[in-house]
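A.B. asks: The structure is given below, and queries will be raised subsequently.
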Amino acid sequence: MKSRIYAVLLFVFFAVIFPRPLVGCTGIIAGREATDDGSVLNSQTADGWYDSNLRVIPGEKHPEGSTVPVYYGLLGDEPLPPVELGRIPQAPETYAFFRTAYSCFNEHQLAIGESTIGQKDQLKTFPGEGGAILTVEQLMIIALQRCRTARDAILLIGNLAERYGFLGSCANDGESLSITDPSEAWIMEILGAGFDWQPGSRPGAVWVARRVPDTHAAVLCNVSRITFVDEESADFLFSAGYKEPAIRHGWYDPASGDPFNWRKAYAPDNGPWSPSSMWVRGRLHYIHKRLLPSKQWDPYADTDSYPFSFKPEKPLSIREIMDIFRSGLEGTPFSMEDNPAWLVPGENRNLLKSPKATPFPDRATRELLNIPYMRPIAAKTSYSFITQSRSWLPSAIGGVLWFSPDSPHYSTYAPIYAGAHSIPESWSNFDKTRFSLDSARWAVLLAASLTNGNYQRAIQSLRSIRDPLEKKTLDDFQGWDREAARVFLEKGALPDGWIDERVSGKLMEIHRTYEEILSLLIREGTIIDLW
């Protein structure tokens with residue numbers, strides 16, 4: 001027990017001395033009638049220095065009465081290994097799932113994305129203080145191991161958080177989760193019970209969830225998206241006492257006669273993850289403008305002016321979400337690439353955009369050129385993903401995880417079936433303290449860095465190889481689908497190793513291709529620029 005307390009105190013020490021930057025994550029989800037192929041889509045950019053190593057954790061059977069440890073520090077962004085905070089009862093059976101910092105997909109096509117949201121200071125919890133022991137990343141793992149449907153995952157996460165206490169792991173704030181299965185898409189929001197919470201005193205979390213209509217899409221971008229809760233509707237789920245902290249702290253008065261507004265009651269008044277933040281509003285503006293282009297969208301409109309969900313003007317596709325995640329907020333006042341500070345005199349004294357102009361200038365460049373920072377869709381990304389959950393296919397091939405290491409702007413997406421049993425080592429061996437091109441993420445990360453430093457020309461070089469690879473990947477995947485459907489129809493099952501052979505082959509092909517991209521970028525960036 002003493003060693004556990006000591007380890008938690010070390011975590012608190014490092015969190016204070018080396019605070020992690022506030023970056024946050026973006027997600028887009030869509031119901032099955034809002035997509036181009038009838039699948040339910042989920043997605044996330046994992047923005048920050050997080051564990052991007054992709055692994056398959058197999059399902060297991062467990063003895064009756066067994067328990068499972070829960071941890072703090074599962075994100076991979078801390079200088080210490082995870083610390084055990086306690087134990088909870090284990091399920092008789094757990095399902096296979098894909099493990100990353102925020103684990104995202106399981107063998108039954110259940111997908112979970114994450115985006116931290118602000119909460120009032122009185123609700124925050126801290127490791128080593130109070131009794132809360134369940135972080136969102138731990139809750140995501142538990143839900144993926146134990147649940148097949150989005151509704152079951154929401155209820156499990158909510159019940160466990162109420163019983164064992166929700167512990168905010170990203171800036172000690174609340175969390176928004178996009179939870180989808182082959183039939184439904186939901187947004188769940190979960191907040192803490194305060195630093196002094198102890199088991200048995202009151203529920204250890206408050207939470208609400210709202211279903212996204214089948215014909216709609218919705219956006220997660222580090223702000224609460226849920227306002228009013230219809231307690232009579234089957235499209236809402238919520239904790240029994242979801243209003244209680246607001247009443248207790250004086251943030252809501254039932255005697256006023258006003259309806260309870262979840263976001264208004266619990267969201268902070270200011271800060272990067274508040275409804276007033278331009279980091280939030282800039283992303284809302286870009287995505288709504290792109291998916292609802294016929295409507296006029298004010299770039300500086302309040303968060304309240306954006307709907308919880310909306311019907312896209314065109315069916316949403318995997319390709320569209322990829323492009324959104326790669327965005328530099330082009331076509332908006334927030335594009336850093338279009339800042340006039342990049343203009344330099346040309347041969348005829350006309351102003352030209354500098355070859356160094358980039359949508360993602362680093363801090364030193366922004367300070368040198370006096371370019372205000374505007375958070376793009378994906379920022380300092382460790383990985384991103386898009387999932388398809390397809391009800392008309394067996395889960396092994398109906399579920400698809402499109403996974404991209406590092407920044408999506410420079411990376412590509414690899415299709416991985418839900419029935420995959422293994423991932424090549426090069427996609428699970430990234431170590432930010434040791435450079436090695438044996439790591440797929442290091443290859444992408446270096447390509448991104450080389451491109452960003454000489455962006456206007458280098459991005460064309462990167463795309464000249466990346467884009468044909470991506471087209472081939474999409475074509476190959478469609479061929480896999482056709483072959484798998486035919487084999488299932490004829491034989492009722494795929495041969496052993498069929499999925500792993502194709503998935504592993506594609507992942508290794510992508511790694512090799514980024515080594516080719518690096519060769520081109522290094523050659524162009526040294527010999528041509530130098531001389």
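Ligands are numbered from 1 in the order shown, chains are lettered A, B, ... in the order of the structure tokens, and residues start at 1 in each chain.
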Within 6 Å of stretch 150-157 of chain A, counting only C-alpha atoms, which residues qualify if same-chain residues fewer than 4 places away don't, as a list of chain:residue names?

C.D. replies: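 So the residues in contact are A:Leu139, A:Ala143, A:Ile179, A:Thr180, A:Asp181.
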
A.B. asks: Taking the DSSP secondary structure from the backbone, can you list the residues of stretch 384-526 of chain A that are alpha helix (DSSP H), as a PyMOL selection string?

C.D. replies: chain A and resi 395-398+440-453+455-491+498-523

A.B. asks: List as a ChimeraX atom specification the protein and nucleic acid residues near A:Gly31, meaning an atom at most 7 Å away when only C-alpha atoms are counted, but skip any in the same chain fewer than 5 places from it.

C.D. replies: /A:40-41,184-185,212-217

A.B. asks: Limited to C-alpha atoms, could you put the picked residues into a file as a compact mmCIF listing (two decimals), in the first residue's frame?

C.D. replies:
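Done, and the output landed in again.txt:
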# COMPACT_ATOMS: atom_id res chain seq x y z
CA VAL A 40 -21.97 3.65 -38.56
CA LEU A 41 -18.83 5.80 -38.43
CA GLU A 184 -26.40 3.26 -33.19
CA ALA A 185 -24.19 6.29 -32.52
CA VAL A 212 -27.23 10.75 -32.64
CA PRO A 213 -30.14 10.20 -35.07
CA ASP A 214 -29.49 7.65 -37.83
CA THR A 215 -29.60 10.39 -40.49
CA HIS A 216 -27.24 12.73 -38.61
CA ALA A 217 -23.57 13.36 -37.93

A.B. asks: At a cut-off of 10 Å, using only C-alpha atoms, what residues contact A:Glu189? Leave out same-chain residues fewer than 2 positions from it and give the result as a ChimeraX atom specification.

C.D. replies: /A:114-117,154,158,174-178,187,191,206-210,223-226,238,262-263

A.B. asks: Return the single residue from A:Gln44, A:Ser422, A:Thr451, A:Thr26 that is closest to A:Pro58, with distances computed using only C-alpha atoms.

C.D. replies: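 For A:Pro58, the nearest of the candidates is A:Ser422.
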
A.B. asks: DSSP on the backbone, strand (DSSP E) only: what residues of stretch 81-184 of chain A does that give? Format it as a ChimeraX atom specification.

C.D. replies: /A:83-89,93-94,97-99,105-106,111-117,174-180

A.B. asks: Skipping near chain neighbours, those fewer than 5 positions away, what residues fall within 8 Å of A:Phe403 using only C-alpha atoms, listed as a PyMOL selection string?

C.D. replies: chain A and resi 383-386+413-416

A.B. asks: So what do you get for atom CA of A:Ile88 versus atom CA of A:Cys170, distance-wise?

C.D. replies: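 Taking atom CA of A:Ile88 and atom CA of A:Cys170, their separation equals 22.3 Å.
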
A.B. asks: One decimal, in Å: what's the spacing between atom CA of A:Thr94 and atom CA of A:Gly399?

C.D. replies: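 Straight-line distance from atom CA of A:Thr94 to atom CA of A:Gly399 works out to 17.7 Å.
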
A.B. asks: Which residue is closest to A:Gly204? Choose from A:Ile133, A:Leu445, A:Leu284, A:Ile465 and count only C-alpha atoms.

C.D. replies: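 Closest residue, counting only C-alpha atoms: A:Ile133.
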
A.B. asks: Suppose you want the space between atom CA of A:Asp302 and atom CA of A:Asp121; what is it in Å?

C.D. replies: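 Distance reported for this atom pair: 22.5 Å.
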
A.B. asks: Which one of A:Glu490, A:Glu313, A:Asp269, A:Glu425 sits closest to A:His288 if you count only C-alpha atoms?

C.D. replies: A:Glu313

A.B. asks: Can you tell me, as a list of chain:residue names, what residues are no more than 7 Å from A:Ser43 when counting only C-alpha atoms, ignoring any on the same chain fewer than 4 positions away?

C.D. replies: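 Those residues are A:Gly27, A:Ile28, A:Ile29, A:Gly113, A:Phe385, A:Ile386, A:Thr387.
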
A.B. asks: Output the selection as a compact mmCIF listing (two decimals), in the first residue's frame - N, CA, C and O atoms for each residue.

C.D. replies:
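Below is the file that was written, out-v6.txt:
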# COMPACT_ATOMS: atom_id res chain seq x y z
N GLY A 27 -13.32 14.61 -32.93
CA GLY A 27 -13.98 13.41 -33.41
C GLY A 27 -15.22 13.73 -34.23
O GLY A 27 -15.85 14.79 -34.04
N ILE A 28 -15.55 12.85 -35.14
CA ILE A 28 -16.77 12.96 -35.96
C ILE A 28 -17.44 11.59 -35.94
O ILE A 28 -16.78 10.57 -36.12
N ILE A 29 -18.75 11.56 -35.71
CA ILE A 29 -19.50 10.32 -35.77
C ILE A 29 -20.71 10.51 -36.67
O ILE A 29 -21.18 11.64 -36.88
N GLY A 113 -14.56 6.70 -29.20
CA GLY A 113 -13.64 7.82 -29.36
C GLY A 113 -13.71 8.71 -28.14
O GLY A 113 -14.65 8.65 -27.35
N PHE A 385 -7.89 7.70 -35.93
CA PHE A 385 -8.57 6.52 -36.46
C PHE A 385 -9.96 6.88 -36.94
O PHE A 385 -10.54 7.90 -36.54
N ILE A 386 -10.48 6.04 -37.82
CA ILE A 386 -11.87 6.07 -38.26
C ILE A 386 -12.36 4.63 -38.21
O ILE A 386 -11.65 3.72 -38.64
N THR A 387 -13.53 4.40 -37.65
CA THR A 387 -14.06 3.03 -37.62
C THR A 387 -15.35 2.94 -38.43
O THR A 387 -16.15 3.88 -38.47
